[in-house]
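Asks: You'll find structure-v3.tsv just under this line, and it carries TSV, C-alpha atoms.
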```tsv
chain	number	residue	atom	x	y	z
A	16	MET	CA	0.00	0.00	0.00
A	17	SER	CA	1.37	3.39	-0.95
A	18	PRO	CA	1.65	6.15	1.65
A	19	LEU	CA	-1.26	7.94	-0.02
A	20	GLU	CA	-3.41	4.82	0.17
A	21	SER	CA	-2.66	4.17	3.82
A	22	ARG	CA	-3.46	7.80	4.64
A	23	ALA	CA	-6.76	7.42	2.80
A	24	LEU	CA	-7.61	4.20	4.62
A	25	GLU	CA	-6.81	5.77	7.97
A	26	LEU	CA	-9.20	8.60	7.17
A	27	LEU	CA	-12.03	6.38	5.93
A	28	LEU	CA	-11.82	4.22	9.05
A	29	ARG	CA	-12.90	7.17	11.13
A	30	TYR	CA	-16.20	7.24	9.29
A	31	MET	CA	-17.05	3.64	8.45
A	32	SER	CA	-16.40	0.01	9.29
A	33	GLU	CA	-13.17	-1.60	8.14
A	34	PRO	CA	-14.71	-3.82	5.42
A	35	ALA	CA	-16.52	-0.79	4.01
A	36	ALA	CA	-13.38	1.36	4.12
A	37	ARG	CA	-11.32	-1.31	2.41
A	38	GLY	CA	-14.02	-1.74	-0.21
A	39	VAL	CA	-14.03	1.96	-1.01
A	40	LEU	CA	-10.26	1.98	-1.17
A	41	ARG	CA	-10.16	-1.09	-3.43
A	42	ARG	CA	-12.54	0.55	-5.83
A	43	ALA	CA	-10.62	3.82	-5.85
A	44	ARG	CA	-7.38	1.92	-6.37
A	45	LEU	CA	-8.45	1.11	-9.91
A	46	ARG	CA	-7.81	4.77	-10.55
A	47	ARG	CA	-4.75	5.03	-8.41
A	48	PRO	CA	-1.99	7.41	-9.43
A	49	THR	CA	0.50	5.92	-11.84
A	50	GLY	CA	3.97	7.18	-12.64
A	51	ALA	CA	7.06	7.43	-10.56
A	52	ARG	CA	5.83	10.36	-8.51
A	53	VAL	CA	2.42	10.97	-7.06
A	54	THR	CA	1.46	14.50	-8.06
A	55	ARG	CA	-1.73	16.44	-7.43
A	56	ALA	CA	-2.90	15.83	-10.97
A	57	SER	CA	-2.24	12.08	-10.90
A	58	ALA	CA	-3.86	11.67	-7.48
A	59	ASP	CA	-7.02	13.52	-8.47
A	60	PRO	CA	-9.05	10.70	-10.07
A	61	PHE	CA	-8.17	8.49	-7.12
A	62	ILE	CA	-9.41	11.02	-4.61
A	63	GLU	CA	-12.61	11.76	-6.58
A	64	GLU	CA	-13.33	8.04	-6.61
A	65	LEU	CA	-12.79	7.91	-2.85
A	66	VAL	CA	-15.23	10.75	-2.32
A	67	PHE	CA	-17.78	9.04	-4.56
A	68	GLY	CA	-17.41	5.64	-2.90
A	69	ALA	CA	-17.44	7.03	0.64
A	70	ARG	CA	-20.80	8.74	0.03
A	71	LEU	CA	-22.52	5.38	0.11
A	72	PHE	CA	-21.43	4.63	3.64
A	73	VAL	CA	-21.94	7.81	5.64
A	74	ASP	CA	-25.04	9.76	6.64
A	75	ALA	CA	-25.83	13.14	5.14
A	76	LYS	CA	-24.52	15.03	8.14
A	77	SER	CA	-20.98	13.73	8.20
A	78	ARG	CA	-20.81	13.37	4.42
A	79	GLU	CA	-19.78	16.96	3.90
A	80	HIS	CA	-17.12	16.76	6.56
A	81	LEU	CA	-15.71	13.55	5.11
A	82	GLU	CA	-15.60	15.01	1.63
A	83	ARG	CA	-13.65	17.98	2.86
A	84	GLU	CA	-11.18	15.74	4.65
A	85	VAL	CA	-10.69	13.41	1.72
A	86	ARG	CA	-10.11	16.33	-0.61
A	87	ARG	CA	-7.52	17.64	1.79
A	88	LEU	CA	-5.46	14.54	0.95
A	89	THR	CA	-4.67	16.22	-2.36
A	90	VAL	CA	-2.84	18.91	-0.48
A	91	GLU	CA	-1.03	16.33	1.62
A	92	VAL	CA	0.14	14.42	-1.45
A	93	GLU	CA	3.10	16.68	-1.95
A	94	THR	CA	4.34	16.30	1.58
A	95	LEU	CA	4.12	12.50	1.60
A	96	PRO	CA	7.41	10.63	1.85
A	97	ASP	CA	8.94	10.19	-1.57
A	98	HIS	CA	9.26	6.53	-2.36
A	99	THR	CA	11.15	6.93	-5.56
A	100	ARG	CA	14.40	7.95	-3.99
A	101	GLU	CA	16.64	6.47	-1.35
A	102	GLU	CA	19.92	7.64	0.07
A	103	LEU	CA	21.97	4.91	1.64
A	104	PRO	CA	25.30	4.96	3.41
A	105	VAL	CA	27.78	2.27	2.42
A	106	CYS	CA	30.22	1.57	5.24
A	107	ASP	CA	30.08	-2.22	5.43
A	108	GLU	CA	28.83	-5.12	3.37
A	109	HIS	CA	25.50	-5.28	5.17
A	110	GLN	CA	24.79	-1.75	4.09
A	111	ALA	CA	25.95	-2.70	0.61
A	112	ARG	CA	23.45	-5.51	0.63
A	113	ARG	CA	20.73	-3.16	1.83
A	114	ALA	CA	21.59	-0.79	-1.01
A	115	ARG	CA	21.31	-3.42	-3.72
A	116	MET	CA	18.04	-4.65	-2.26
A	117	ALA	CA	16.75	-1.07	-2.27
A	118	ALA	CA	17.71	-0.73	-5.94
A	119	ARG	CA	15.83	-3.88	-6.75
A	120	ARG	CA	12.78	-2.85	-4.73
A	121	LEU	CA	12.62	0.65	-6.19
A	122	ALA	CA	12.93	-0.72	-9.72
A	123	GLU	CA	10.22	-3.29	-9.10
A	124	THR	CA	7.82	-0.76	-7.56
A	125	ALA	CA	8.41	1.47	-10.55
A	126	GLY	CA	7.10	-1.38	-12.69
A	127	ALA	CA	10.40	-2.67	-14.05
A	128	SER	CA	10.71	-6.27	-15.22
A	129	LYS	CA	12.40	-8.79	-12.96
A	130	LEU	CA	15.36	-8.86	-15.33
A	131	ASP	CA	15.82	-5.10	-15.25
A	132	SER	CA	15.49	-5.04	-11.47
A	133	LEU	CA	18.16	-7.71	-11.23
A	134	ARG	CA	20.39	-5.78	-13.63
A	135	ALA	CA	20.07	-2.67	-11.49
A	136	ALA	CA	20.80	-4.59	-8.29
A	137	THR	CA	23.81	-6.35	-9.85
A	138	GLY	CA	25.19	-3.08	-11.17
A	139	LEU	CA	24.82	-1.44	-7.79
A	140	SER	CA	26.42	-4.43	-6.11
A	141	GLU	CA	29.56	-3.86	-8.19
A	142	LEU	CA	29.61	-0.14	-7.39
A	143	THR	CA	29.21	-0.63	-3.65
A	144	ARG	CA	31.93	-3.26	-3.66
A	145	ASN	CA	34.31	-0.82	-5.29
A	146	ILE	CA	33.44	1.74	-2.62
A	147	LEU	CA	34.17	-0.71	0.20
A	148	MET	CA	37.28	-2.11	-1.40
A	149	TYR	CA	39.00	1.06	-2.51
A	150	ALA	CA	37.53	3.88	-0.45
A	151	GLY	CA	36.31	2.14	2.71
A	152	SER	CA	33.02	3.99	2.82
A	153	GLY	CA	30.76	6.16	0.76
A	154	GLU	CA	27.13	6.57	-0.13
A	155	VAL	CA	24.63	5.61	-2.76
A	156	VAL	CA	21.60	7.48	-4.04
A	157	VAL	CA	19.02	5.43	-5.91
A	158	GLU	CA	16.15	7.17	-7.64
A	159	ILE	CA	13.48	6.57	-10.22
A	160	LEU	CA	13.16	9.27	-12.86
A	161	ASP	CA	10.59	9.89	-15.54
A	162	ALA	CA	10.70	10.71	-19.25
A	163	PRO	CA	12.03	8.25	-20.14
A	164	ARG	CA	11.32	6.09	-17.10
A	165	ARG	CA	14.69	5.08	-15.72
A	166	ILE	CA	16.62	4.23	-12.58
A	167	ARG	CA	19.57	6.37	-11.64
A	168	MET	CA	22.14	5.23	-9.14
A	169	VAL	CA	24.89	7.52	-7.97
A	170	ALA	CA	27.69	5.96	-5.94
A	171	SER	CA	30.16	8.36	-4.42
A	172	ASP	CA	33.09	8.14	-2.08
A	173	ARG	CA	35.99	10.23	-0.82
A	174	GLY	CA	38.58	7.61	-1.57
A	175	PRO	CA	41.88	8.01	-3.40
A	176	GLY	CA	40.25	7.81	-6.84
A	177	ILE	CA	40.79	5.38	-9.69
A	178	GLY	CA	44.26	5.99	-11.09
A	179	ASN	CA	44.07	3.59	-14.01
A	180	LEU	CA	40.53	4.31	-15.18
A	181	ASP	CA	41.28	3.82	-18.89
A	182	GLU	CA	42.93	0.50	-18.19
A	183	VAL	CA	39.96	-0.65	-16.07
A	184	LEU	CA	37.35	0.41	-18.61
A	185	GLY	CA	39.46	-1.02	-21.42
A	186	GLY	CA	39.16	-4.44	-19.81
A	187	GLU	CA	42.90	-4.90	-19.38
A	188	TYR	CA	42.95	-4.62	-15.63
A	189	GLN	CA	42.94	-7.77	-13.53
A	190	SER	CA	42.37	-7.17	-9.84
A	191	LYS	CA	43.43	-9.63	-7.18
A	192	THR	CA	40.00	-10.02	-5.66
A	193	GLY	CA	37.54	-9.93	-8.51
A	194	LEU	CA	37.73	-10.57	-12.18
A	195	GLY	CA	38.61	-6.92	-12.55
A	196	ARG	CA	35.49	-6.66	-14.55
A	197	GLY	CA	33.13	-5.14	-12.03
A	198	LEU	CA	33.20	-1.57	-13.23
A	199	LEU	CA	33.39	-2.53	-16.88
A	200	GLY	CA	30.49	-4.94	-16.47
A	201	THR	CA	28.41	-2.29	-14.78
A	202	LYS	CA	29.14	0.08	-17.63
A	203	ARG	CA	27.88	-2.52	-20.06
A	204	LEU	CA	24.60	-2.84	-18.16
A	205	ALA	CA	24.00	0.89	-18.14
A	206	ASP	CA	22.32	3.03	-20.77
A	207	HIS	CA	24.18	6.02	-19.44
A	208	PHE	CA	27.40	5.77	-17.44
A	209	GLU	CA	29.62	8.47	-16.07
A	210	ILE	CA	32.65	8.46	-13.82
A	211	SER	CA	34.38	11.42	-12.32
A	212	THR	CA	37.40	10.45	-10.30
A	213	GLY	CA	40.25	12.27	-8.68
A	214	PRO	CA	42.25	12.44	-5.47
A	215	GLN	CA	39.17	13.87	-3.72
A	216	GLY	CA	37.08	10.84	-4.47
A	217	THR	CA	35.04	9.08	-7.09
A	218	THR	CA	31.46	9.51	-8.26
A	219	VAL	CA	29.88	6.97	-10.56
A	220	THR	CA	26.53	7.71	-12.17
A	221	PHE	CA	24.65	4.76	-13.59
A	222	GLU	CA	21.39	5.09	-15.47
A	223	MET	CA	19.31	2.33	-16.93
A	224	LYS	CA	16.02	2.57	-18.79
A	225	LEU	CA	13.25	0.57	-17.20
B	567	MET	CA	26.08	-35.01	7.38
B	568	ILE	CA	25.14	-31.37	7.45
B	569	THR	CA	27.46	-28.75	8.79
B	570	ASN	CA	26.45	-25.20	9.34
B	571	ASP	CA	28.86	-22.43	8.73
B	572	ASP	CA	26.94	-19.23	9.28
B	573	ASP	CA	23.80	-20.62	7.65
B	574	ILE	CA	25.35	-21.89	4.43
B	575	PRO	CA	25.39	-25.65	4.78
B	576	VAL	CA	27.80	-28.05	3.18
B	577	ILE	CA	25.99	-31.35	2.79
B	578	HIS	CA	27.97	-34.54	2.46
B	579	VAL	CA	26.11	-37.13	0.38
B	580	TRP	CA	27.95	-40.39	-0.44
B	581	ASP	CA	31.09	-39.28	-2.20
B	582	PHE	CA	30.08	-35.78	-3.12
B	583	LEU	CA	29.37	-32.49	-1.38
B	584	LEU	CA	26.31	-30.38	-2.01
B	585	VAL	CA	26.37	-26.63	-1.36
B	586	PRO	CA	23.01	-24.94	-1.82
B	587	LEU	CA	23.46	-21.18	-2.09
B	588	GLN	CA	20.47	-19.18	-1.00
B	589	GLY	CA	19.35	-15.57	-0.96
B	590	ASP	CA	21.73	-12.65	-1.02
B	591	ILE	CA	25.23	-13.59	0.09
B	592	THR	CA	27.64	-11.03	1.48
B	593	ASP	CA	31.29	-11.14	0.49
B	594	SER	CA	32.60	-12.24	3.85
B	595	ARG	CA	30.03	-15.01	4.08
B	596	ALA	CA	31.00	-16.20	0.62
B	597	GLU	CA	34.65	-16.23	1.64
B	598	ARG	CA	33.92	-18.18	4.80
B	599	LEU	CA	31.93	-20.61	2.71
B	600	ARG	CA	34.83	-21.11	0.33
B	601	ASN	CA	37.21	-21.90	3.17
B	602	ALA	CA	34.70	-24.17	4.89
B	603	THR	CA	34.02	-26.06	1.67
B	604	LEU	CA	37.70	-26.64	0.98
B	605	ALA	CA	38.17	-27.91	4.52
B	606	HIS	CA	35.22	-30.22	3.96
B	607	ILE	CA	36.64	-31.58	0.75
B	608	GLU	CA	39.82	-32.45	2.59
B	609	ARG	CA	38.00	-34.13	5.44
B	610	SER	CA	35.49	-36.06	3.38
B	611	ALA	CA	37.75	-36.80	0.39
B	612	ALA	CA	34.76	-36.03	-1.81
B	613	ARG	CA	35.19	-36.62	-5.52
B	614	SER	CA	32.67	-34.02	-6.60
B	615	LEU	CA	31.29	-30.75	-5.42
B	616	ILE	CA	27.84	-29.63	-6.51
B	617	ILE	CA	27.05	-25.95	-6.07
B	618	ASP	CA	23.36	-25.25	-6.43
B	619	ALA	CA	22.81	-21.60	-7.35
B	620	SER	CA	19.07	-21.83	-7.95
B	621	GLY	CA	18.22	-20.02	-4.72
B	622	LEU	CA	20.58	-17.12	-5.28
B	623	ALA	CA	19.06	-13.67	-5.50
B	624	LEU	CA	22.00	-12.19	-7.36
B	625	ILE	CA	25.38	-13.15	-8.77
B	626	ASP	CA	27.92	-10.45	-9.49
B	627	SER	CA	31.52	-10.47	-10.65
B	628	HIS	CA	32.90	-11.04	-7.17
B	629	LEU	CA	30.73	-14.05	-6.39
B	630	CYS	CA	31.54	-15.43	-9.82
B	631	ALA	CA	35.25	-15.05	-9.19
B	632	LEU	CA	34.87	-16.68	-5.81
B	633	ILE	CA	33.02	-19.68	-7.22
B	634	ALA	CA	35.62	-20.02	-9.97
B	635	ASP	CA	38.36	-19.81	-7.32
B	636	LEU	CA	36.69	-22.47	-5.24
B	637	ALA	CA	36.37	-24.74	-8.27
B	638	ARG	CA	40.03	-24.32	-9.17
B	639	ALA	CA	41.18	-25.02	-5.63
B	640	ALA	CA	38.88	-28.04	-5.44
B	641	LYS	CA	40.31	-29.32	-8.70
B	642	LEU	CA	43.80	-29.18	-7.25
B	643	MET	CA	42.49	-31.42	-4.49
B	644	GLY	CA	41.06	-33.88	-7.00
B	645	CYS	CA	37.49	-32.75	-6.62
B	646	HIS	CA	35.38	-31.90	-9.64
B	647	THR	CA	32.97	-28.95	-9.35
B	648	ILE	CA	29.56	-28.79	-10.99
B	649	LEU	CA	27.52	-25.62	-10.85
B	650	CYS	CA	23.80	-25.94	-11.35
B	651	GLY	CA	20.60	-23.98	-11.31
B	652	ILE	CA	21.71	-20.60	-12.63
B	653	ASP	CA	18.60	-18.49	-13.12
B	654	PRO	CA	18.06	-17.34	-16.75
B	655	LYS	CA	17.89	-13.70	-15.62
B	656	VAL	CA	21.16	-14.07	-13.71
B	657	ALA	CA	22.74	-15.79	-16.73
B	658	GLN	CA	21.67	-12.99	-19.05
B	659	THR	CA	22.92	-10.30	-16.68
B	660	LEU	CA	26.32	-11.99	-16.34
B	661	MET	CA	26.57	-12.40	-20.10
B	662	GLU	CA	25.78	-8.73	-20.70
B	663	MET	CA	28.43	-7.77	-18.18
B	664	GLY	CA	30.95	-9.88	-20.02
B	665	ILE	CA	31.54	-12.19	-17.08
B	666	SER	CA	32.08	-15.81	-17.92
B	667	LEU	CA	32.48	-18.77	-15.64
B	668	SER	CA	35.13	-20.54	-17.65
B	669	GLY	CA	36.56	-23.75	-16.34
B	670	ILE	CA	33.48	-24.81	-14.40
B	671	GLU	CA	31.10	-27.45	-15.55
B	672	CYS	CA	27.58	-26.03	-15.52
B	673	VAL	CA	24.40	-28.05	-15.76
B	674	MET	CA	20.86	-26.79	-15.71
B	675	SER	CA	19.32	-28.49	-12.74
B	676	LEU	CA	20.20	-30.23	-9.52
B	677	GLU	CA	18.84	-33.47	-11.01
B	678	ARG	CA	21.32	-33.26	-13.86
B	679	ALA	CA	24.11	-32.49	-11.44
B	680	PHE	CA	23.19	-35.62	-9.49
B	681	ALA	CA	23.11	-37.63	-12.70
B	682	ARG	CA	26.55	-36.24	-13.52
B	683	VAL	CA	28.04	-37.59	-10.28
B	684	GLY	CA	26.44	-40.98	-10.84
B	685	VAL	CA	23.26	-40.80	-8.81
B	686	LYS	CA	20.64	-42.77	-10.69
B	687	HIS	CA	17.01	-41.92	-10.44
B	688	HIS	CA	14.59	-44.82	-10.21
B	689	ALA	CA	11.00	-43.89	-10.88
B	690	ARG	CA	9.68	-45.62	-7.79
B	691	THR	CA	7.31	-43.68	-5.65
B	692	ALA	CA	8.83	-44.54	-2.33
B	693	ASP	CA	12.52	-43.86	-2.76
B	694	PRO	CA	13.74	-43.08	0.75
B	695	ARG	CA	16.84	-41.32	-0.55
B	696	LYS	CA	14.77	-38.96	-2.65
B	697	LYS	CA	12.52	-38.31	0.29
B	698	ILE	CA	15.43	-37.44	2.55
B	699	LEU	CA	16.94	-35.16	-0.07
B	700	ALA	CA	13.64	-33.37	-0.67
B	701	HIS	CA	13.34	-32.91	3.06
B	702	VAL	CA	16.83	-31.47	3.35
B	703	THR	CA	16.59	-29.11	0.40
B	704	GLY	CA	13.07	-28.08	1.39
B	705	ARG	CA	14.31	-26.87	4.71
B	706	LEU	CA	16.74	-24.47	3.19
B	707	THR	CA	14.22	-21.77	2.52
B	708	LYS	CA	15.29	-18.59	0.80
B	709	GLU	CA	16.86	-16.08	3.07
B	710	ARG	CA	15.04	-12.81	3.16
B	711	GLU	CA	15.94	-9.71	5.02
```
Show the structure stored in the file as structure tokens.
Replies:
Amino acid sequence: MSPLESRALELLLRYMSEPAARGVLRRARLRRPTGARVTRASADPFIEELVFGARLFVDAKSREHLEREVRRLTVEVETLPDHTREELPVCDEHQARRARMAARRLAETAGASKLDSLRAATGLSELTRNILMYAGSGEVVVEILDAPRRIRMVASDRGPGIGNLDEVLGGEYQSKTGLGRGLLGTKRLADHFEISTGPQGTTVTFEMKL
Amino acid sequence: MITNDDDIPVIHVWDFLLVPLQGDITDSRAERLRNATLAHIERSAARSLIIDASGLALIDSHLCALIADLARAAKLMGCHTILCGIDPKVAQTLMEMGISLSGIECVMSLERAFARVGVKHHARTADPRKKILAHVTGRLTKERE
């Protein structure tokens, strides 16, 4: 259930029984907002359907009050927690695991195929490993963007930078621990790939169409 | 014989070892598993090692390298490694990344891996060995966070 939906349910429960509230919500869900971000415009049909459905279950007196409250949800929409973006610290491998799971979850909620979600998670896994191995710690920002619908993952650290970037991306580098193909492989998965590296740290931007 | 090493079991069946990988494995866990498996091979003098990857959530370059490492080390000890159950989505992702698992025998399913190490399947309903195996593998449910 999205944050908007759980807010709506919470509100309906104050006016009607739980089965009735869930019924109204289920019906309104058919017109639930689509797209990466819930905006006022995309939430509108959903809220109108809620108002319409709720009418059947409340008496005339509280109807007006309920309608006003439900409509107020539209205003709340913009302050709801944004579930298309996550910022995650990467200081140990458990956090790295959490990050790749988040990438997978965000991709899946955005409607990506299982394969694309796995691609995103695998790509991020490589990036977080590089952070842990070469910089010790860093952070990852995963977000879903529209037009075209895509996932963007930005992995950044304040490590010593990648000195032999051309060699790594050329596929000539063989690291002791991996196949030396992590970064190159990630690049191959991405539709858009960017690295800026220097003595102040490294930032890798990975974008993949969903 | 089942031995737990931080949840990843190494199962000794006749003259082979079975390692079912499940869920999302962290690097240090994978490394501990590699060491534990090699120690097991030495102790049990197993001829084959079957790694079942069907329960894995994700395989990246590091896990690939680790499995390849394990297989090479096992080979030096006279133990042949068979990898089975790679998910088609995982296979496609690895291929796109340009990661290959050269030097490891891969088969599609656990059944084929068993066949490869000489376990014959008899289509009798009450095969106690099959029952035990189903029980053991059934218990290893996917790890979820």
Asks: Find the residues around Lys655 of chain B up to 10 Å (all atoms listed in the file counted), leave out those fewer than 5 positions away in its own chain, and share them as a list in words.
Replies: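 These residues fall inside the cut-off: Lys129, Leu130, Asp131, Ser132, Leu133 and Arg134 of chain A; Leu624, Leu660 and Met661 of chain B.
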Asks: Choose the residue, out of A:Gly126, A:Gly200, A:Gly151, A:Gly178, that has the smallest atom-to-atom separation from Arg165 of chain A; count all atoms listed in the file.
Replies: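 Using all atoms listed in the file, Arg165 of chain A sits closest to A:Gly126.
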Asks: Rank A:Glu20, A:Asp172, A:Asp181, A:Glu158 by their smallest atom-to-atom distance to Thr124 of chain A, using all atoms listed in the file, and report the top residue only.
Replies: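 Comparing A:Glu20, A:Asp172, A:Asp181, A:Glu158 against Thr124 of chain A, the winner is A:Glu158.
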Asks: Using only C-alpha atoms, pick whichever of B:Leu699, B:Val576, B:Glu671, B:Ser610 has the shortest atom-to-atom distance to Ile652 of chain B.
Replies: B:Glu671
Asks: Where's the centre, and what are the edge lengths in Å to one decimal, of a box along x, y and z enclosing all listed atoms of segment 138-147 of chain A padded 4 Å per side, as AutoDock Vina command-line options?
Replies:
```
--center_x 29.6 --center_y -1.3 --center_z -5.5 --size_x 17.5 --size_y 14.2 --size_z 19.4
```
Asks: Excluding His207 of chain A and any residue of its chain fewer than 2 positions from it, enumerate the residues within 10 Å of it, using all atoms listed in the file, and give them as a PDB file with C-alpha atoms, in the coordinates of the input.
Replies:
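Listed below is the output, selection_27.pdb:
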```
ATOM      1  CA  ARG A 167      19.570   6.370 -11.640  1.00  0.00           C
ATOM      2  CA  LYS A 202      29.140   0.080 -17.630  1.00  0.00           C
ATOM      3  CA  ARG A 203      27.880  -2.520 -20.060  1.00  0.00           C
ATOM      4  CA  LEU A 204      24.600  -2.840 -18.160  1.00  0.00           C
ATOM      5  CA  ALA A 205      24.000   0.890 -18.140  1.00  0.00           C
ATOM      6  CA  GLU A 209      29.620   8.470 -16.070  1.00  0.00           C
ATOM      7  CA  THR A 220      26.530   7.710 -12.170  1.00  0.00           C
ATOM      8  CA  PHE A 221      24.650   4.760 -13.590  1.00  0.00           C
ATOM      9  CA  GLU A 222      21.390   5.090 -15.470  1.00  0.00           C
ATOM     10  CA  MET A 223      19.310   2.330 -16.930  1.00  0.00           C
ATOM     11  CA  LYS A 224      16.020   2.570 -18.790  1.00  0.00           C
TER      12      LYS A 224
END
```
Asks: Counting only C-alpha atoms, a student should be able to say which residues of chain A come within 12 Å of chain B; what is the right answer, written as an MDAnalysis selection string?
Replies: chainID A and resid 107:117 119 128:145 147:148 186 189:205
Asks: Just to confirm, what's the straight-line distance from atom CA of Gly216 of chain A to atom CA of Val157 of chain A in Å (one decimal)?
Replies: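 Calculated distance between atom CA of Gly216 of chain A and atom CA of Val157 of chain A is 18.9 Å.
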